[in-house]
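Shown here: upload25.csv, CSV, C-alpha atoms.
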chain,number,residue,atom,x,y,z
A,238,MET,CA,26.3,151.9,94.5
A,239,CYS,CA,27.5,148.6,93.2
A,240,LYS,CA,27.7,149.9,89.7
A,241,LEU,CA,29.7,152.8,90.9
A,242,PHE,CA,32.0,150.6,93.0
A,243,PHE,CA,32.8,148.3,90.1
A,244,SER,CA,33.5,151.0,87.5
A,245,GLY,CA,36.3,153.4,86.8
A,246,ASN,CA,39.1,153.9,89.2
A,247,MET,CA,37.5,151.9,92.0
A,248,ARG,CA,37.5,148.7,89.9
A,249,ARG,CA,41.2,149.1,89.1
A,250,ILE,CA,42.0,149.7,92.8
A,251,TYR,CA,40.0,146.6,93.8
A,252,THR,CA,41.7,144.4,91.2
A,253,LEU,CA,45.1,145.6,92.3
A,254,GLY,CA,44.3,144.9,95.9
A,255,ILE,CA,43.2,141.4,95.1
A,256,PHE,CA,46.5,140.7,93.3
A,257,LEU,CA,48.5,142.1,96.3
A,258,ILE,CA,46.6,139.9,98.7
A,259,CYS,CA,47.2,136.8,96.5
A,260,GLY,CA,50.9,137.6,96.2
A,261,LEU,CA,51.3,138.0,99.9
A,262,LEU,CA,49.6,134.7,100.5
A,263,LEU,CA,51.9,132.9,97.9
A,264,ILE,CA,55.0,134.4,99.5
A,265,SER,CA,54.0,133.4,102.9
A,266,ALA,CA,53.3,129.8,101.8
A,267,ASP,CA,56.8,129.5,100.3
A,268,ASP,CA,58.4,130.9,103.4
A,269,CYS,CA,56.4,128.6,105.6
A,270,GLU,CA,57.5,125.6,103.5
A,271,SER,CA,61.2,126.6,103.7
A,272,MET,CA,61.0,127.1,107.4
A,273,TYR,CA,59.3,123.8,107.9
A,274,LEU,CA,61.9,121.9,105.9
A,275,GLU,CA,64.8,123.6,107.8
A,276,GLU,CA,63.2,122.8,111.1
A,277,LEU,CA,62.6,119.2,110.1
A,278,GLN,CA,66.2,118.7,109.1
A,279,MET,CA,67.5,120.2,112.4
A,280,SER,CA,65.2,117.9,114.4
A,281,GLN,CA,66.4,114.8,112.5
A,282,ALA,CA,70.0,115.8,113.0
A,283,GLN,CA,69.5,116.3,116.7
A,284,ALA,CA,67.7,113.1,117.1
A,285,GLY,CA,70.3,111.2,115.1
A,286,TYR,CA,73.2,112.6,117.2
A,287,GLY,CA,71.5,111.7,120.4
A,288,GLN,CA,70.9,108.1,119.3
A,289,GLY,CA,74.5,107.5,118.0
A,290,SER,CA,73.5,107.7,114.4
A,291,THR,CA,76.1,106.6,111.8
A,292,ALA,CA,75.7,109.8,109.8
A,293,PRO,CA,79.0,110.9,108.2
A,294,THR,CA,79.3,113.9,110.4
A,295,VAL,CA,79.2,111.7,113.5
A,296,SER,CA,81.3,108.7,112.4
A,297,ALA,CA,84.1,110.6,110.7
A,298,THR,CA,85.6,111.9,113.8
A,299,PRO,CA,86.2,108.5,115.5
A,300,VAL,CA,87.6,107.0,112.3
A,301,VAL,CA,90.2,109.8,111.9
A,302,ALA,CA,91.1,109.7,115.6
A,303,ALA,CA,91.6,106.0,115.6
A,304,ALA,CA,94.0,105.9,112.6
A,305,PRO,CA,97.2,107.1,114.5
A,306,ALA,CA,96.5,104.7,117.4
A,307,ALA,CA,96.4,101.9,114.9
A,308,ILE,CA,99.7,102.9,113.3
A,309,GLU,CA,101.7,103.4,116.4
A,310,PRO,CA,101.4,99.9,117.8
A,311,ALA,CA,102.3,98.5,114.4
A,312,ALA,CA,105.5,100.6,114.4
A,313,ALA,CA,106.2,99.5,117.9
A,314,ASP,CA,105.7,95.8,116.9
A,315,THR,CA,108.1,96.2,113.9
A,316,SER,CA,110.7,97.8,116.1
A,317,ALA,CA,110.3,95.0,118.7
A,318,ALA,CA,110.6,92.4,116.0
A,319,SER,CA,113.7,94.0,114.6
A,320,THR,CA,115.3,94.2,118.1
A,321,ALA,CA,114.5,90.6,118.7
A,322,GLN,CA,116.0,89.6,115.3
A,323,GLN,CA,119.2,91.5,116.1
A,324,SER,CA,119.3,89.9,119.5
A,325,ASN,CA,118.9,86.4,118.0
A,326,GLN,CA,121.7,87.1,115.5
A,327,GLY,CA,124.0,88.6,118.0
A,328,GLY,CA,126.6,85.9,117.7
A,329,ALA,CA,126.7,86.0,113.9
A,330,ASP,CA,126.7,89.8,113.7
A,331,SER,CA,129.5,90.0,116.3
A,332,ALA,CA,131.6,87.6,114.2
A,333,THR,CA,130.9,89.6,111.1
A,334,VAL,CA,132.0,92.8,112.6
A,335,ALA,CA,135.1,91.3,114.2
A,336,ALA,CA,136.2,89.6,111.0
A,337,PRO,CA,139.1,91.3,109.3
A,338,GLU,CA,138.6,92.9,106.0
A,339,ALA,CA,140.1,91.3,102.9
A,340,PRO,CA,143.6,92.7,102.2
A,341,SER,CA,143.7,95.3,99.5
A,342,ALA,CA,145.9,94.7,96.4
A,343,SER,CA,149.5,95.2,97.1
A,344,THR,CA,151.8,97.0,94.7
A,345,GLY,CA,155.5,97.7,94.1
A,346,ALA,CA,157.9,96.4,96.7
A,347,ASP,CA,155.1,94.9,98.9
A,348,PHE,CA,154.6,92.2,96.3
A,349,LEU,CA,157.9,92.0,94.5
A,350,LYS,CA,160.3,92.4,97.4
A,351,THR,CA,161.8,88.9,96.7
A,352,ILE,CA,162.9,89.9,93.2
A,353,ILE,CA,163.7,93.6,93.6
A,354,GLY,CA,167.3,94.9,93.2
A,355,LYS,CA,168.5,91.8,91.4
A,356,GLU,CA,169.6,91.5,87.8
A,357,TRP,CA,167.6,88.8,86.0
A,358,LYS,CA,168.9,87.2,82.8
A,359,LEU,CA,166.5,85.5,80.3
A,360,VAL,CA,167.4,81.8,80.0
A,361,GLU,CA,164.3,80.3,78.5
A,362,LEU,CA,161.2,81.1,76.5
A,363,ARG,CA,158.4,78.6,76.7
A,364,LEU,CA,155.9,78.8,73.9
A,365,SER,CA,153.3,76.3,72.6
A,366,GLY,CA,154.8,73.5,74.6
A,367,LYS,CA,158.3,74.2,73.3
A,368,SER,CA,161.2,75.9,74.9
A,369,LEU,CA,163.9,78.2,73.5
A,370,PHE,CA,167.0,78.2,75.7
A,371,LEU,CA,169.6,81.0,75.7
A,372,ASP,CA,173.1,79.9,76.5
A,373,ARG,CA,174.4,82.7,78.8
A,374,ASN,CA,178.0,81.5,78.6
A,375,LYS,CA,177.9,81.8,74.8
A,376,LEU,CA,176.4,85.2,75.0
A,377,ASN,CA,179.2,86.3,77.4
A,378,SER,CA,181.8,85.0,75.0
A,379,GLU,CA,180.1,87.0,72.2
A,380,GLY,CA,180.2,90.2,74.3
A,381,ALA,CA,176.4,90.1,74.6
A,382,GLY,CA,176.2,88.9,78.3
A,383,ASP,CA,173.9,91.8,79.1
A,384,TYR,CA,171.4,91.0,76.3
A,385,PHE,CA,167.8,90.2,77.5
A,386,THR,CA,168.4,91.2,81.0
A,387,MET,CA,166.1,93.0,83.5
A,388,THR,CA,166.4,94.8,86.8
A,389,ILE,CA,163.3,95.7,89.0
A,390,ASP,CA,163.1,98.5,91.5
A,391,ASN,CA,160.2,99.8,93.6
A,392,SER,CA,158.3,101.3,90.6
A,393,ARG,CA,160.1,100.5,87.4
A,394,LEU,CA,161.4,97.6,85.4
A,395,SER,CA,164.4,98.2,83.1
A,396,GLY,CA,167.2,96.4,81.3
A,397,ARG,CA,168.7,95.7,78.0
A,398,ALA,CA,167.2,93.8,75.0
A,399,ALA,CA,169.4,93.3,71.9
A,400,PRO,CA,171.0,95.8,71.9
A,401,ASN,CA,168.7,98.6,73.0
A,402,ARG,CA,168.1,99.6,76.6
A,403,TYR,CA,164.5,99.8,77.8
A,404,THR,CA,162.5,100.8,80.8
A,405,THR,CA,158.8,100.7,81.8
A,406,ALA,CA,156.7,101.2,84.9
A,407,TYR,CA,154.7,98.3,86.3
A,408,GLN,CA,151.6,97.7,88.4
A,409,ALA,CA,151.6,94.7,90.7
A,410,GLY,CA,148.4,93.4,92.4
A,411,SER,CA,147.0,90.5,94.4
A,412,ASN,CA,147.6,86.9,93.4
A,413,ASN,CA,150.9,87.8,91.8
A,414,SER,CA,149.2,89.8,89.0
A,415,LEU,CA,151.5,92.1,87.1
A,416,THR,CA,151.0,94.6,84.3
A,417,LEU,CA,153.7,96.5,82.4
A,418,LEU,CA,153.1,99.9,80.9
A,419,PRO,CA,154.4,100.6,77.3
A,420,VAL,CA,158.1,100.1,77.0
A,421,VAL,CA,160.4,103.0,76.2
A,422,THR,CA,163.6,102.1,74.4
A,423,THR,CA,166.7,103.5,72.9
A,424,LEU,CA,167.0,103.5,69.1
A,425,MET,CA,170.2,101.6,68.2
A,426,ALA,CA,170.1,99.3,65.2
A,427,THR,CA,169.8,95.6,65.9
A,428,SER,CA,172.6,93.4,64.6
A,429,HIS,CA,172.4,90.3,66.7
A,430,ASP,CA,169.4,88.1,67.5
A,431,PRO,CA,170.5,85.5,70.2
A,432,GLU,CA,168.8,82.2,69.4
A,433,ARG,CA,166.8,84.0,66.8
A,434,LEU,CA,164.8,85.8,69.4
A,435,GLN,CA,164.3,89.3,67.9
A,436,GLU,CA,164.2,92.4,70.1
A,437,ARG,CA,160.7,93.4,68.9
A,438,GLU,CA,159.4,90.0,69.8
A,439,TYR,CA,160.9,90.4,73.3
A,440,TYR,CA,159.1,93.7,73.7
A,441,GLN,CA,155.8,92.1,72.6
A,442,TYR,CA,156.2,89.4,75.3
A,443,LEU,CA,156.8,92.1,77.9
A,444,ALA,CA,153.7,94.0,76.8
A,445,GLY,CA,151.6,90.9,77.4
A,446,VAL,CA,152.8,90.1,80.9
A,447,ASN,CA,149.9,89.4,83.3
A,448,SER,CA,151.5,87.6,86.3
A,449,TRP,CA,154.7,86.4,87.8
A,450,LYS,CA,156.2,83.7,90.0
A,451,SER,CA,159.6,83.4,91.7
A,452,ASN,CA,161.5,80.9,93.8
A,453,GLN,CA,164.5,83.2,94.7
A,454,LYS,CA,166.6,81.6,91.9
A,455,THR,CA,164.3,82.0,89.0
A,456,LEU,CA,161.7,84.5,87.9
A,457,GLU,CA,158.8,83.5,85.6
A,458,LEU,CA,156.8,86.1,83.7
A,459,TYR,CA,153.5,84.8,82.3
A,460,THR,CA,152.5,86.4,79.1
A,461,THR,CA,151.2,85.9,75.5
A,462,ASP,CA,152.7,86.3,72.1
A,463,ALA,CA,151.4,88.4,69.2
A,464,ASN,CA,148.8,85.7,68.4
A,465,LYS,CA,147.6,85.6,72.1
A,466,LYS,CA,149.2,82.2,72.7
A,467,GLU,CA,150.4,81.7,76.2
A,468,ALA,CA,154.1,82.1,76.8
A,469,VAL,CA,156.5,82.2,79.7
A,470,LEU,CA,159.7,84.2,80.1
A,471,VAL,CA,162.1,82.5,82.5
A,472,TYR,CA,164.9,84.4,84.1
A,473,SER,CA,167.8,83.5,86.3
A,474,ASN,CA,170.0,85.6,88.6

Entire entry expressed as structure tokens:
Amino acid sequence: MCKLFFSGNMRRIYTLGIFLICGLLLISADDCESMYLEELQMSQAQAGYGQGSTAPTVSATPVVAAAPAAIEPAAADTSAASTAQQSNQGGADSATVAAPEAPSASTGADFLKTIIGKEWKLVELRLSGKSLFLDRNKLNSEGAGDYFTMTIDNSRLSGRAAPNRYTTAYQAGSNNSLTLLPVVTTLMATSHDPERLQEREYYQYLAGVNSWKSNQKTLELYTTDANKKEAVLVYSN
């Protein structure tokens, strides 16, 4: 019987059965181990939660929730400090608000109203500490009484040089500043240079004007010559 059992097909069936039984046992062992580990982890987690464990899943929520509460008081304190500072500076701030603004630069008639509408005649040129005087009586006798004259209106400055007529716009500002735009002239030939003051030199002085001063009777235009030396054109009315 035993020989018959362990021979042929029966032996193969028996061997296969043994392998199946062993496989089932191995699979069961792996499943049991996995189940044991999962159950152990769940038990540890439940135990930790109940005891206030510092595991990340437990402590993360309080930290996130506490952040806004920490920020809001800080913002409130900053606002309170700002309010207190404004309150302490109330007097100074009020004075600053109430203080008038600096006046803007005046132009045209606002600044030149004392000299507008009058004819001004050049009587002196001051240059490098020296003065060149023009004798107006002599010029009148020579028929050149209107040479080197100037009239100012609300926007333009015009007059006669020697002998051409000229005109230019001007820009007046604060602190008696004055700037003349390029001069436009007629094109008559020059035949007379009073006191050797040439017409082209006069135009150069006008081009360099930067400020003015007047005392009702005289008008002074502060300028520079072609070499950037300071000069003054002095007019009388």

### Query
Taking all atoms listed in the file into account, which of A:Thr404, A:Gln435, A:Ser451, A:Thr427 comes nearest Ile352 (chain A)?
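Nearest to Ile352 (chain A): A:Ser451.
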
### Task
Dig up all the protein and nucleic acid residues within 10 Å of (160.6, 89.5, 74.0) in the file frame, using all atoms listed in the file, and format them as a PyMOL selection string.
chain A and resi 359+362+385+398-399+434-445+462+470

Hey, can you spit out that residue selection with C-alpha atoms as a CSV table (one decimal), in the frame of the given file?
chain,number,residue,atom,x,y,z
A,359,LEU,CA,166.5,85.5,80.3
A,362,LEU,CA,161.2,81.1,76.5
A,385,PHE,CA,167.8,90.2,77.5
A,398,ALA,CA,167.2,93.8,75.0
A,399,ALA,CA,169.4,93.3,71.9
A,434,LEU,CA,164.8,85.8,69.4
A,435,GLN,CA,164.3,89.3,67.9
A,436,GLU,CA,164.2,92.4,70.1
A,437,ARG,CA,160.7,93.4,68.9
A,438,GLU,CA,159.4,90.0,69.8
A,439,TYR,CA,160.9,90.4,73.3
A,440,TYR,CA,159.1,93.7,73.7
A,441,GLN,CA,155.8,92.1,72.6
A,442,TYR,CA,156.2,89.4,75.3
A,443,LEU,CA,156.8,92.1,77.9
A,444,ALA,CA,153.7,94.0,76.8
A,445,GLY,CA,151.6,90.9,77.4
A,462,ASP,CA,152.7,86.3,72.1
A,470,LEU,CA,159.7,84.2,80.1

#### Entry: 6 Å contact set for Thr460 (chain A), all atoms listed in the file, chain neighbours under 2 positions out, as a ChimeraX atom specification
/A:445-447,467-469

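Comparing the minimum interatomic distances between Leu371 (chain A) and each of A:Asn401, A:Thr386, A:Thr422, A:Asn391, counting all atoms listed in the file, we find that A:Thr386 sits nearest.
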
### Task
To one decimal in Å, tell me the separation between CA of Lys450 (chain A) and CA of Gly380 (chain A).
29.4 Å

### Query
Taking into account all atoms listed in the file, which residue in the set A:Leu349, A:Leu376, A:Ile255, A:Met425 is nearest to Leu394 (chain A)?
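Of the candidates, the smallest distance to Leu394 (chain A) is held by A:Leu349.
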
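In this model, the gap between CA of Thr455 (chain A) and CA of Val421 (chain A) comes to 24.9 Å.
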
### Query
Taking into account only C-alpha atoms, which residue in the set A:Ile389, A:Leu458, A:Ile250, A:Leu424 is nearest to Arg402 (chain A)?
A:Leu424

### Message
Please compute the CA of Arg397 (chain A)-CA of Asn412 (chain A) distance, one decimal, in Å.
### Response
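These two atoms are separated by 27.6 Å.
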
### Task
Find the residues around Asp390 (chain A) up to 8 Å (all atoms listed in the file counted), leave out those fewer than 2 positions away in its own chain, and share them as a list of chain:residue names.
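In the requested format, the answer is A:Ala346, A:Ile353, A:Gly354, A:Thr388, A:Ser392, A:Arg393, A:Leu394.
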
Please write the residues from the selection above to a file, keeping C-alpha atoms, as a short mmCIF file (atom, residue, chain, number, x, y, z; two decimals), in the frame of the given file.
data_model
loop_
_atom_site.label_atom_id
_atom_site.label_comp_id
_atom_site.auth_asym_id
_atom_site.auth_seq_id
_atom_site.Cartn_x
_atom_site.Cartn_y
_atom_site.Cartn_z
CA ALA A 346 157.90 96.40 96.70
CA ILE A 353 163.70 93.60 93.60
CA GLY A 354 167.30 94.90 93.20
CA THR A 388 166.40 94.80 86.80
CA SER A 392 158.30 101.30 90.60
CA ARG A 393 160.10 100.50 87.40
CA LEU A 394 161.40 97.60 85.40
#
